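Q: File protein-v1.cif below, mmCIF, C-alpha atoms and all ligand atoms:
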data_protein
loop_
_atom_site.label_atom_id
_atom_site.label_comp_id
_atom_site.auth_asym_id
_atom_site.auth_seq_id
_atom_site.Cartn_x
_atom_site.Cartn_y
_atom_site.Cartn_z
CA MET A 388 0.00 0.00 0.00
CA VAL A 389 1.29 3.49 -0.86
CA TRP A 390 1.25 5.99 1.99
CA THR A 391 -0.45 9.30 1.09
CA ARG A 392 -0.64 12.52 3.09
CA PRO A 393 -3.94 12.56 5.03
CA GLU A 394 -6.56 14.95 3.65
CA THR A 395 -6.92 16.63 7.06
CA ALA A 396 -3.53 18.33 6.72
CA THR A 397 -5.10 21.46 5.24
CA SER A 398 -3.50 24.90 5.14
CA GLU A 399 -5.86 26.04 7.96
CA ARG A 400 -4.35 23.49 10.31
CA ARG A 401 -0.75 24.29 9.41
CA LEU A 402 0.93 27.01 11.47
CA PRO A 403 2.15 30.05 9.56
CA MET A 404 5.97 29.96 9.47
CA LYS A 405 6.42 33.04 11.67
CA ASP A 406 4.15 31.66 14.40
CA ALA A 407 5.87 28.31 14.24
CA THR A 408 9.23 29.99 14.81
CA GLU A 409 7.82 31.90 17.78
CA GLN A 410 6.57 28.62 19.22
CA LEU A 411 10.00 26.98 19.14
CA PRO A 412 11.36 26.45 22.63
CA ASP A 413 14.17 28.68 23.79
CA GLU A 414 17.49 27.28 22.50
CA GLY A 415 18.97 27.35 25.99
CA LEU A 416 16.03 25.38 27.34
CA ALA A 417 16.38 22.77 24.62
CA GLN A 418 20.07 22.42 25.44
CA ALA A 419 19.35 22.11 29.17
CA TRP A 420 16.70 19.47 28.48
CA ALA A 421 19.13 17.62 26.17
CA ARG A 422 21.89 17.61 28.81
CA THR A 423 19.52 16.16 31.38
CA ARG A 424 18.34 13.59 28.85
CA LEU A 425 21.92 12.55 28.02
CA ASN A 426 22.66 12.12 31.72
CA GLU A 427 19.57 9.95 32.07
CA LEU A 428 20.51 7.88 29.03
CA TRP A 429 23.96 6.96 30.33
CA ALA A 430 23.17 7.09 34.07
CA ARG A 431 23.70 3.33 34.48
CA GLY A 432 27.08 3.47 32.78
CA ARG A 433 28.17 6.51 34.80
CA ALA A 434 27.15 4.84 38.06
CA PHE A 435 28.96 1.63 37.12
CA LEU A 436 32.18 3.44 36.18
CA GLY A 437 31.91 6.20 38.78
CA THR A 438 32.45 8.87 36.11
CA GLU A 439 30.85 12.02 34.73
CA VAL A 440 30.50 10.57 31.24
CA ALA A 441 30.04 6.90 30.34
CA VAL A 442 32.92 6.81 27.86
CA LEU A 443 35.60 4.17 28.28
CA GLY A 444 38.94 4.78 26.62
CA GLY A 445 39.51 1.38 24.98
CA ALA A 446 42.85 -0.07 26.08
CA MET A 447 45.47 0.17 23.32
CA SER A 448 48.73 -1.75 23.72
CA TRP A 449 51.76 0.51 24.28
CA ILE A 450 49.82 3.78 24.25
CA SER A 451 47.14 3.27 26.91
CA GLU A 452 49.71 3.97 29.60
CA ARG A 453 49.73 6.44 32.47
CA HIS A 454 49.47 9.66 30.42
CA LEU A 455 46.51 8.81 28.19
CA VAL A 456 44.71 6.91 30.97
CA ALA A 457 45.09 9.72 33.52
CA ALA A 458 44.00 12.30 30.93
CA LEU A 459 40.87 10.30 30.10
CA SER A 460 39.85 9.89 33.73
CA GLN A 461 40.73 13.50 34.52
CA ALA A 462 38.47 14.63 31.67
CA GLY A 463 35.48 12.79 33.17
CA GLY A 464 35.77 9.56 31.17
CA PHE A 465 37.20 6.21 32.18
CA GLY A 466 40.79 5.45 31.22
CA VAL A 467 41.90 1.83 30.93
CA LEU A 468 45.56 0.76 31.15
CA ALA A 469 46.56 -1.78 28.47
CA ALA A 470 48.50 -4.47 30.31
CA GLY A 471 48.63 -6.94 27.40
CA SER A 472 52.36 -6.50 26.90
CA MET A 473 53.30 -5.84 30.54
CA PRO A 474 54.94 -8.17 33.04
CA PRO A 475 53.49 -7.89 36.59
CA ALA A 476 56.19 -5.55 37.96
CA LEU A 477 55.67 -3.10 35.10
CA LEU A 478 51.89 -3.13 35.57
CA ASP A 479 52.35 -2.45 39.29
CA ALA A 480 54.56 0.56 38.49
CA GLU A 481 52.15 1.83 35.81
CA ILE A 482 49.10 1.68 38.11
CA LYS A 483 51.00 3.61 40.78
CA ALA A 484 52.26 6.17 38.23
CA THR A 485 48.71 6.69 36.89
CA ARG A 486 47.49 7.31 40.45
CA ALA A 487 50.31 9.80 40.99
CA LEU A 488 49.39 11.71 37.81
CA LEU A 489 45.73 11.83 38.85
CA GLU A 490 46.77 13.06 42.29
CA GLU A 491 48.80 15.85 40.64
CA GLY A 492 45.76 16.69 38.53
CA GLY A 493 43.60 17.33 41.57
CA GLY A 494 42.53 14.04 43.12
CA GLN A 495 41.60 10.45 42.49
CA LYS A 496 39.39 9.50 39.57
CA PRO A 497 38.51 5.93 38.66
CA PHE A 498 40.39 4.02 35.98
CA GLY A 499 40.67 0.36 35.00
CA VAL A 500 43.16 -2.22 33.77
CA ASN A 501 42.76 -4.36 30.63
CA LEU A 502 44.31 -7.84 30.85
CA ILE A 503 44.65 -10.31 28.00
CA THR A 504 43.19 -13.69 29.03
CA MET A 505 45.88 -15.78 27.33
CA HIS A 506 48.72 -13.94 29.14
CA PRO A 507 50.84 -16.65 30.82
CA GLU A 508 50.85 -14.66 34.08
CA LEU A 509 47.15 -13.72 34.09
CA ASP A 510 46.55 -14.70 37.73
CA THR A 511 49.58 -12.72 38.94
CA LEU A 512 48.46 -9.69 36.89
CA ILE A 513 44.98 -9.92 38.45
CA ASP A 514 46.62 -10.05 41.88
CA VAL A 515 48.65 -6.92 41.07
CA CYS A 516 45.40 -5.10 40.21
CA LEU A 517 43.76 -6.29 43.42
CA ALA A 518 46.75 -5.40 45.60
CA ASN A 519 46.55 -1.88 44.12
CA GLN A 520 42.78 -1.75 44.69
CA VAL A 521 42.03 -1.20 41.02
CA SER A 522 38.23 -0.81 40.86
CA HIS A 523 37.58 -2.34 37.40
CA VAL A 524 39.43 -5.13 35.57
CA VAL A 525 38.66 -5.73 31.88
CA LEU A 526 39.35 -9.27 30.65
CA ALA A 527 40.00 -9.13 26.90
CA GLY A 528 41.46 -11.21 24.07
CA GLY A 529 39.26 -14.30 24.27
CA LEU A 530 36.60 -15.72 26.52
CA PRO A 531 37.73 -15.51 30.16
CA SER A 532 37.35 -18.54 32.41
CA ALA A 533 34.80 -18.45 35.23
CA ALA A 534 37.78 -18.87 37.59
CA ALA A 535 39.44 -15.68 36.31
CA ILE A 536 36.18 -13.74 36.69
CA ARG A 537 35.76 -15.11 40.21
CA ARG A 538 39.33 -14.17 41.15
CA VAL A 539 38.72 -10.55 40.09
CA LYS A 540 35.41 -10.31 41.94
CA GLU A 541 36.49 -12.06 45.11
CA GLY A 542 39.36 -9.61 45.28
CA GLY A 543 36.87 -6.74 45.35
CA ALA A 544 37.12 -5.42 41.77
CA ARG A 545 34.43 -5.26 39.11
CA CYS A 546 34.93 -7.52 36.13
CA VAL A 547 34.22 -6.34 32.58
CA CYS A 548 34.23 -8.89 29.73
CA PHE A 549 33.93 -8.79 25.93
CA ALA A 550 30.90 -10.55 24.45
CA PRO A 551 31.15 -11.37 20.73
CA ALA A 552 27.64 -12.95 20.46
CA LEU A 553 24.38 -13.15 22.43
CA ALA A 554 24.91 -16.73 23.67
CA LEU A 555 28.36 -15.79 24.96
CA ALA A 556 26.99 -12.62 26.55
CA ARG A 557 24.51 -14.74 28.52
CA LYS A 558 27.25 -17.21 29.48
CA LEU A 559 29.50 -14.39 30.73
CA VAL A 560 26.68 -12.92 32.82
CA ARG A 561 26.05 -16.38 34.33
CA SER A 562 29.79 -16.62 35.08
CA GLY A 563 29.57 -13.38 37.06
CA ALA A 564 30.69 -10.62 34.63
CA ASP A 565 29.63 -7.26 36.09
CA ALA A 566 29.47 -5.53 32.70
CA LEU A 567 29.97 -6.36 29.03
CA VAL A 568 31.62 -4.65 26.10
CA ILE A 569 30.29 -5.56 22.67
CA GLU A 570 32.74 -4.63 19.94
CA GLY A 571 31.95 -4.66 16.24
CA THR A 572 34.23 -5.35 13.31
CA GLU A 573 34.67 -1.61 12.57
CA ALA A 574 37.03 -1.36 15.57
CA GLY A 575 40.79 -1.00 15.48
CA GLY A 576 43.01 -3.88 16.63
CA HIS A 577 41.81 -7.50 16.92
CA ILE A 578 38.32 -7.83 15.51
CA GLY A 579 35.41 -10.21 15.19
CA PRO A 580 33.34 -10.66 12.03
CA VAL A 581 30.08 -8.92 13.05
CA SER A 582 29.36 -5.19 12.71
CA THR A 583 28.66 -2.97 15.71
CA THR A 584 25.11 -2.19 14.60
CA VAL A 585 24.20 -5.86 14.22
CA LEU A 586 25.83 -6.87 17.53
CA ALA A 587 23.98 -4.01 19.24
CA GLN A 588 20.65 -5.19 17.83
CA GLU A 589 21.41 -8.77 18.82
CA ILE A 590 22.53 -8.08 22.37
CA LEU A 591 21.15 -4.76 23.71
CA PRO A 592 17.44 -5.71 23.65
CA GLU A 593 18.19 -9.05 25.35
CA VAL A 594 20.78 -8.37 28.06
CA HIS A 595 19.54 -6.24 30.96
CA ASP A 596 21.15 -7.80 34.04
CA VAL A 597 24.44 -5.94 33.58
CA PRO A 598 25.43 -2.69 31.86
CA VAL A 599 26.53 -3.13 28.25
CA PHE A 600 29.04 -0.78 26.59
CA VAL A 601 29.22 -0.55 22.79
CA ALA A 602 32.52 -0.27 20.89
CA GLY A 603 33.69 -0.22 17.29
CA GLY A 604 33.42 2.60 14.79
CA ILE A 605 32.17 5.25 17.19
CA GLY A 606 33.66 8.65 16.42
CA ARG A 607 30.91 11.19 17.05
CA GLY A 608 28.27 12.03 19.65
CA GLU A 609 25.37 11.30 17.29
CA SER A 610 26.32 7.65 17.22
CA ILE A 611 26.77 7.59 21.00
CA VAL A 612 23.16 8.79 21.37
CA SER A 613 21.89 6.14 19.00
CA PHE A 614 23.48 3.28 20.98
CA LEU A 615 22.35 4.75 24.31
CA GLU A 616 18.81 4.96 22.99
CA MET A 617 19.04 1.30 21.99
CA GLY A 618 19.82 0.47 25.62
CA ALA A 619 23.59 0.74 25.91
CA ALA A 620 24.93 1.96 29.26
CA GLY A 621 27.84 3.72 27.58
CA VAL A 622 30.45 3.41 24.87
CA GLN A 623 34.12 2.52 24.38
CA LEU A 624 36.33 4.36 21.91
CA GLY A 625 39.94 3.66 20.95
CA THR A 626 40.80 5.08 17.53
CA ARG A 627 39.38 8.52 18.38
CA PHE A 628 41.91 8.91 21.23
CA VAL A 629 45.09 7.93 19.35
CA CYS A 630 45.72 11.51 18.22
CA ALA A 631 45.04 12.99 21.65
CA THR A 632 47.76 15.41 22.71
CA GLU A 633 48.40 13.31 25.83
CA CYS A 634 48.80 10.09 23.81
CA ILE A 635 52.46 9.02 23.49
CA ALA A 636 51.96 7.57 19.98
CA HIS A 637 54.88 8.52 17.70
CA PRO A 638 54.26 11.68 15.61
CA ASN A 639 54.54 9.55 12.43
CA PHE A 640 51.75 7.29 13.70
CA LYS A 641 49.54 10.28 14.47
CA LYS A 642 50.31 11.85 11.09
CA VAL A 643 49.24 8.76 9.19
CA PHE A 644 46.02 8.66 11.26
CA LEU A 645 45.22 12.27 10.36
CA ARG A 646 45.65 11.52 6.63
CA ALA A 647 43.72 8.22 6.60
CA SER A 648 40.11 7.68 5.61
CA ALA A 649 37.74 4.95 6.78
CA ARG A 650 38.48 2.67 3.82
CA ASP A 651 42.23 2.62 4.60
CA ALA A 652 41.56 0.67 7.82
CA GLN A 653 41.32 -2.93 6.58
CA PRO A 654 41.28 -6.36 8.23
CA THR A 655 44.48 -8.37 7.79
CA PRO A 656 44.34 -10.18 4.44
CA GLN A 657 44.31 -13.99 4.47
CA VAL A 658 45.66 -15.80 1.41
CA ASP A 659 44.68 -19.42 2.10
CA PRO A 660 42.09 -20.79 4.56
CA ARG A 661 44.47 -23.66 5.37
CA PHE A 662 46.65 -21.01 7.03
CA PRO A 663 44.20 -18.91 9.05
CA VAL A 664 45.14 -15.38 10.02
CA ILE A 665 43.96 -13.67 13.22
CA PRO A 666 42.10 -10.63 11.85
CA VAL A 667 43.38 -7.24 12.96
CA ARG A 668 42.06 -3.96 11.53
CA ALA A 669 44.91 -1.67 10.57
CA LEU A 670 45.86 0.92 7.97
CA VAL A 671 47.24 -0.69 4.83
CA ASN A 672 50.99 -0.11 4.33
CA LYS A 673 54.06 -1.86 2.85
CA GLY A 674 53.93 -4.31 5.76
CA THR A 675 50.46 -5.45 4.64
CA GLN A 676 51.73 -6.17 1.13
CA ALA A 677 54.80 -7.97 2.50
CA PHE A 678 52.47 -10.09 4.68
CA VAL A 679 50.45 -11.18 1.64
CA GLU A 680 53.66 -12.05 -0.26
CA MET A 681 55.01 -13.97 2.75
CA GLN A 682 51.78 -15.99 3.03
CA ARG A 683 51.98 -16.86 -0.70
CA GLN A 684 55.52 -18.16 -0.22
CA VAL A 685 54.44 -20.24 2.79
CA VAL A 686 51.58 -21.76 0.76
CA ASN A 687 53.95 -22.51 -2.17
CA ARG A 688 56.53 -24.15 0.11
CA PHE A 689 53.76 -26.15 1.79
CA GLN A 690 52.41 -27.33 -1.57
CA ALA A 691 55.92 -28.28 -2.68
CA GLY A 692 56.25 -30.42 0.46
CA GLU A 693 59.12 -28.29 1.85
CA ILE A 694 57.34 -27.42 5.13
CA ASP A 695 54.45 -28.86 7.14
CA GLN A 696 51.26 -26.93 8.05
CA LYS A 697 52.39 -26.24 11.62
CA THR A 698 55.70 -24.69 10.54
CA GLY A 699 53.95 -22.49 7.97
CA GLN A 700 51.30 -21.42 10.47
CA LEU A 701 53.96 -20.44 13.01
CA GLU A 702 55.81 -18.36 10.41
CA ILE A 703 52.56 -16.53 9.63
CA GLU A 704 51.77 -15.93 13.29
CA HIS A 705 55.24 -14.55 13.98
CA PHE A 706 55.16 -12.08 11.11
CA TRP A 707 53.53 -9.26 13.10
CA ALA A 708 55.29 -9.93 16.42
CA GLY A 709 56.47 -6.59 17.79
CA ALA A 710 54.97 -4.75 14.80
CA LEU A 711 52.56 -2.51 16.74
CA ARG A 712 55.34 -1.29 19.02
CA ARG A 713 57.56 -0.65 16.00
CA ALA A 714 54.89 1.60 14.48
CA VAL A 715 53.31 3.30 17.46
CA ILE A 716 56.42 3.84 19.59
CA GLU A 717 59.32 3.83 17.12
CA GLY A 718 57.44 5.51 14.26
CA ASP A 719 58.05 2.85 11.58
CA ILE A 720 54.88 3.39 9.59
CA GLU A 721 56.15 1.44 6.56
CA THR A 722 56.50 -2.03 8.05
CA GLY A 723 54.93 -1.65 11.51
CA SER A 724 51.30 -2.45 12.33
CA LEU A 725 49.10 0.64 12.03
CA MET A 726 46.14 -0.66 14.05
CA ALA A 727 43.17 1.64 13.44
CA GLY A 728 39.40 1.43 13.34
CA GLN A 729 37.21 2.72 10.52
CA SER A 730 36.46 5.83 12.59
CA VAL A 731 40.02 6.92 11.74
CA GLY A 732 38.42 9.00 8.96
CA LEU A 733 36.77 11.11 11.67
CA VAL A 734 40.10 11.92 13.34
CA THR A 735 41.06 15.23 11.81
CA ARG A 736 43.42 16.93 14.27
CA GLU A 737 45.48 16.46 17.39
CA GLN A 738 43.44 17.60 20.41
CA PRO A 739 43.61 17.29 24.20
CA VAL A 740 41.50 14.42 25.55
CA ALA A 741 39.25 16.88 27.41
CA ASP A 742 38.41 18.61 24.10
CA ILE A 743 37.60 15.29 22.41
CA ILE A 744 35.24 14.31 25.23
CA GLU A 745 33.67 17.75 25.25
CA GLU A 746 33.17 17.57 21.48
CA LEU A 747 31.54 14.14 21.72
CA CYS A 748 29.20 15.36 24.50
CA GLU A 749 28.34 18.52 22.58
CA GLN A 750 27.44 16.49 19.48
CA ALA A 751 25.32 14.16 21.63
CA VAL A 752 23.54 17.08 23.33
CA ASN A 753 22.92 18.91 20.04
CA THR A 754 21.44 15.73 18.56
CA LEU A 755 19.03 15.41 21.46
CA ALA A 756 18.26 19.15 21.54
CA ARG A 757 17.11 19.03 17.91
CA ARG A 758 14.48 16.50 18.97
CA VAL A 759 12.69 18.87 21.37
CA PRO A 760 9.34 19.40 19.65
CA PRO A 761 7.80 22.87 19.34
CA PRO A 762 4.81 23.07 21.71
CA LEU A 763 1.54 22.16 20.02
CA SER A 764 -0.53 25.27 19.60
CA PHE A 765 -3.75 24.40 17.85
C1 LIG A 801 46.18 0.93 18.19
C2 LIG A 801 45.16 0.07 18.90
C3 LIG A 801 45.59 -0.88 19.84
C4 LIG A 801 44.66 -1.66 20.53
N1 LIG A 801 45.10 -2.53 21.49
C5 LIG A 801 44.18 -3.23 22.23
C6 LIG A 801 44.61 -4.06 23.32
O1 LIG A 801 45.79 -4.16 23.61
N2 LIG A 801 43.66 -4.73 24.03
C7 LIG A 801 42.32 -4.60 23.74
O2 LIG A 801 41.49 -5.22 24.42
N3 LIG A 801 41.89 -3.82 22.72
C8 LIG A 801 42.78 -3.12 21.99
N4 LIG A 801 42.35 -2.27 21.00
C9 LIG A 801 40.88 -2.05 20.84
C10 LIG A 801 40.43 -0.85 21.70
O3 LIG A 801 40.57 -1.12 23.08
C11 LIG A 801 38.97 -0.46 21.46
O4 LIG A 801 38.11 -1.48 21.91
C12 LIG A 801 38.68 -0.19 20.01
O5 LIG A 801 39.66 0.68 19.50
C13 LIG A 801 37.29 0.44 19.87
O6 LIG A 801 36.93 0.64 18.54
P1 LIG A 801 37.36 1.94 17.69
O7 LIG A 801 38.79 1.73 17.33
O8 LIG A 801 36.46 1.87 16.52
O9 LIG A 801 37.13 3.14 18.56
C14 LIG A 801 43.27 -1.51 20.27
C15 LIG A 801 42.85 -0.56 19.30
C16 LIG A 801 43.78 0.22 18.63
C17 LIG A 801 43.30 1.24 17.63
#
Could the structure of this file be written out as C-alpha cells, please?
A:
Amino acid sequence: MVWTRPETATSERRLPMKDATEQLPDEGLAQAWARTRLNELWARGRAFLGTEVAVLGGAMSWISERHLVAALSQAGGFGVLAAGSMPPALLDAEIKATRALLEEGGGQKPFGVNLITMHPELDTLIDVCLANQVSHVVLAGGLPSAAAIRRVKEGGARCVCFAPALALARKLVRSGADALVIEGTEAGGHIGPVSTTVLAQEILPEVHDVPVFVAGGIGRGESIVSFLEMGAAGVQLGTRFVCATECIAHPNFKKVFLRASARDAQPTPQVDPRFPVIPVRALVNKGTQAFVEMQRQVVNRFQAGEIDQKTGQLEIEHFWAGALRRAVIEGDIETGSLMAGQSVGLVTREQPVADIIEELCEQAVNTLARRVPPPLSF
C-alpha cells in the first residue's frame, strides 16, 4: 500500500511559518533538556564506572599507559591501562604512576586495567590489580574462564568482559561478569566478524542484568546517542583517542592517522584458509603487502612439500610480532602495524583528551536538543 498525506492536513491546520518559529522552545532550554536527557541515558554506565561521562577509553597496547589513561579519567571519562604486553612488575609501576598523575591533577578519579586472558601470568596480573585496589578489571582477548572472573570479583574489583555474540553474553553474565563490552568489526586492533550495529541489535534488547558498553566505529556524539537509545549503558572508543595530545603515539603514527580515511583501515588479508590469520584492523601499508607475499611463499613451500602446516602457520603468526610497538612507539609506519578502526576517517586533528570528550558530549547534546518538539498550539 502506498502511503499518502492525510486529507486533514489542510492549510488552515498548518501554522504560519512566523508563528511556528515563535513557538519553538528557547534554544537554551532545549540544550538544558538535552543535557539532562543525556545524563539519564547513560546514568547506568556513569554509576557503574563512577564517572561524569560513560565513555571508556579502549585499552590500546603501548599507548594506553599512564598519560593517556590519567588524561581520560581527569576529563570525566574512564581510562583503561593496556597491560597486554606488561609483566606484573611493570603493571604495578604503571598503576602507581597513573594514580600519581591523577593526584597531581587534583585528586583520584577511577580508571581500569585491561588484561589479556591468554597472558601466561594472568593470575599474577589480576593479583597486582587487586593489591593496588584497582576498581575495574577488563578481561580481553578471548573468553575468560569463570575462575578468572571469580578471582577478580572475590578480590573486590568489578569484572568487565567482551561478548562477541548473544549466547556468549549470557554465558559471561552467568559466570559473574559485572558488565559487558560488545565490539563490532569496525574497531581498530583484533576484531570479530560482526558489525557494531548488528551486535547491538542482537545483544542490547536481550541483556539487561548488567550494563553493556558498545565499541567499534564510534567517532561522534550522534552515534553515542543512538546506541544509548538502543539500551547501551555507555560506549568505548579507541581510535578517536590515538591523536590525543596526551597520547604518546609517535608523531609519524599520528600523522598517518590524520591523513587516513575509513576505507584505509582494513582487516588483515588472508591468502589461504588452510593457514588462518587472526584478523586485525589496521591501515594498509608496505607491511600489509609484504604479509600477503610472505603468506603466498608459505603456501607454495607447503604445496611443494618443503614445510608442514604447523611450521607455515607459526611463520605466519610470527610475522607481526612486535609490529605494533615498531609503528606506534618507534614511528616505523612502513612495516609496523598501524592498528586503526574505521572511525580513523573522523580523526582530523590532534586535540587534548578533554576537548575530544567535550566535542563528543556537545554532538550528543545537540542531537538530542534538535528533537525537542515545538509546543503544540492548535
Ligand atoms: C592501536 C590500537 C591498539 C589496541 N590494542 C588493544 C589491546 O591491547 N587490548 C584490547 O582489548 N583492545 C585493543 N584495541 C581495541 C580498543 O581497546 C577499542 O576497543 C577499540 O579501539 C574500539 O573501537 P574503535 O577503534 O572503533 O574506537 C586496540 C585498538 C587500537 C586502535
Q: Using only C-alpha atoms and all ligand atoms, find each residue with an atom at most 7 Å away from ligand LIG 801 (chain A) and format the answer as a VMD selection string.
A: chain A and resid 445 to 448 469 471 501 503 527 to 528 570 573 to 577 602 to 606 623 to 627 725 to 730
Q: Measuring atom to atom with all atoms listed in the file, identify which of A:Ala564, A:Ile611, A:Leu488, A:Leu591 is nearest to Glu749 in chain A.
A: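 Comparing A:Ala564, A:Ile611, A:Leu488, A:Leu591 against Glu749 in chain A, the winner is A:Ile611.
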Q: If we count all atoms listed in the file and set the cut-off at 9 Å, which residues sit around Cys516 in chain A, ignoring sequence neighbours fewer than 6 positions away in its own chain? Please answer as a PDB file with C-alpha atoms, keeping the file's coordinate frame.
A:
ATOM      1  CA  LEU A 478      51.890  -3.130  35.570  1.00  0.00           C
ATOM      2  CA  ASP A 479      52.350  -2.450  39.290  1.00  0.00           C
ATOM      3  CA  ILE A 482      49.100   1.680  38.110  1.00  0.00           C
ATOM      4  CA  GLY A 499      40.670   0.360  35.000  1.00  0.00           C
ATOM      5  CA  VAL A 500      43.160  -2.220  33.770  1.00  0.00           C
ATOM      6  CA  SER A 522      38.230  -0.810  40.860  1.00  0.00           C
ATOM      7  CA  HIS A 523      37.580  -2.340  37.400  1.00  0.00           C
ATOM      8  CA  VAL A 524      39.430  -5.130  35.570  1.00  0.00           C
ATOM      9  CA  VAL A 539      38.720 -10.550  40.090  1.00  0.00           C
ATOM     10  CA  ALA A 544      37.120  -5.420  41.770  1.00  0.00           C
TER      11      ALA A 544
END
Q: Rank A:Lys483, A:Arg422, A:Lys496, A:Arg757 by their smallest atom-to-atom distance to Thr438 in chain A, using only C-alpha atoms, and report the top residue only.
A: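 Checking each candidate against Thr438 in chain A, we get A:Lys496 as the closest.
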Q: Do you know which residues lie at most 12 Å from (54.4, -24.2, -1.3), with coordinates as in the file and all atoms listed in the file counted, and could you write them as a ChimeraX atom specification?
A: /A:659,661-662,681-696,698-699
Q: Starting from the point (23.5, 20.0, 23.0), work out which residues of protein, DNA or RNA have an atom no more than 12 Å away when counting only C-alpha atoms; state them as a PyMOL selection string.
A: chain A and resi 414-426+608-609+612+745-759
Q: Would you save the residues from that selection as an mmCIF file, keeping the file's coordinate frame, using C-alpha atoms?
A:
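Wrote part21.cif, looks like this:
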data_model
loop_
_atom_site.group_PDB
_atom_site.id
_atom_site.type_symbol
_atom_site.label_atom_id
_atom_site.label_comp_id
_atom_site.auth_asym_id
_atom_site.auth_seq_id
_atom_site.Cartn_x
_atom_site.Cartn_y
_atom_site.Cartn_z
ATOM 1 C CA GLU A 414 17.490 27.280 22.500
ATOM 2 C CA GLY A 415 18.970 27.350 25.990
ATOM 3 C CA LEU A 416 16.030 25.380 27.340
ATOM 4 C CA ALA A 417 16.380 22.770 24.620
ATOM 5 C CA GLN A 418 20.070 22.420 25.440
ATOM 6 C CA ALA A 419 19.350 22.110 29.170
ATOM 7 C CA TRP A 420 16.700 19.470 28.480
ATOM 8 C CA ALA A 421 19.130 17.620 26.170
ATOM 9 C CA ARG A 422 21.890 17.610 28.810
ATOM 10 C CA THR A 423 19.520 16.160 31.380
ATOM 11 C CA ARG A 424 18.340 13.590 28.850
ATOM 12 C CA LEU A 425 21.920 12.550 28.020
ATOM 13 C CA ASN A 426 22.660 12.120 31.720
ATOM 14 C CA GLY A 608 28.270 12.030 19.650
ATOM 15 C CA GLU A 609 25.370 11.300 17.290
ATOM 16 C CA VAL A 612 23.160 8.790 21.370
ATOM 17 C CA GLU A 745 33.670 17.750 25.250
ATOM 18 C CA GLU A 746 33.170 17.570 21.480
ATOM 19 C CA LEU A 747 31.540 14.140 21.720
ATOM 20 C CA CYS A 748 29.200 15.360 24.500
ATOM 21 C CA GLU A 749 28.340 18.520 22.580
ATOM 22 C CA GLN A 750 27.440 16.490 19.480
ATOM 23 C CA ALA A 751 25.320 14.160 21.630
ATOM 24 C CA VAL A 752 23.540 17.080 23.330
ATOM 25 C CA ASN A 753 22.920 18.910 20.040
ATOM 26 C CA THR A 754 21.440 15.730 18.560
ATOM 27 C CA LEU A 755 19.030 15.410 21.460
ATOM 28 C CA ALA A 756 18.260 19.150 21.540
ATOM 29 C CA ARG A 757 17.110 19.030 17.910
ATOM 30 C CA ARG A 758 14.480 16.500 18.970
ATOM 31 C CA VAL A 759 12.690 18.870 21.370
#
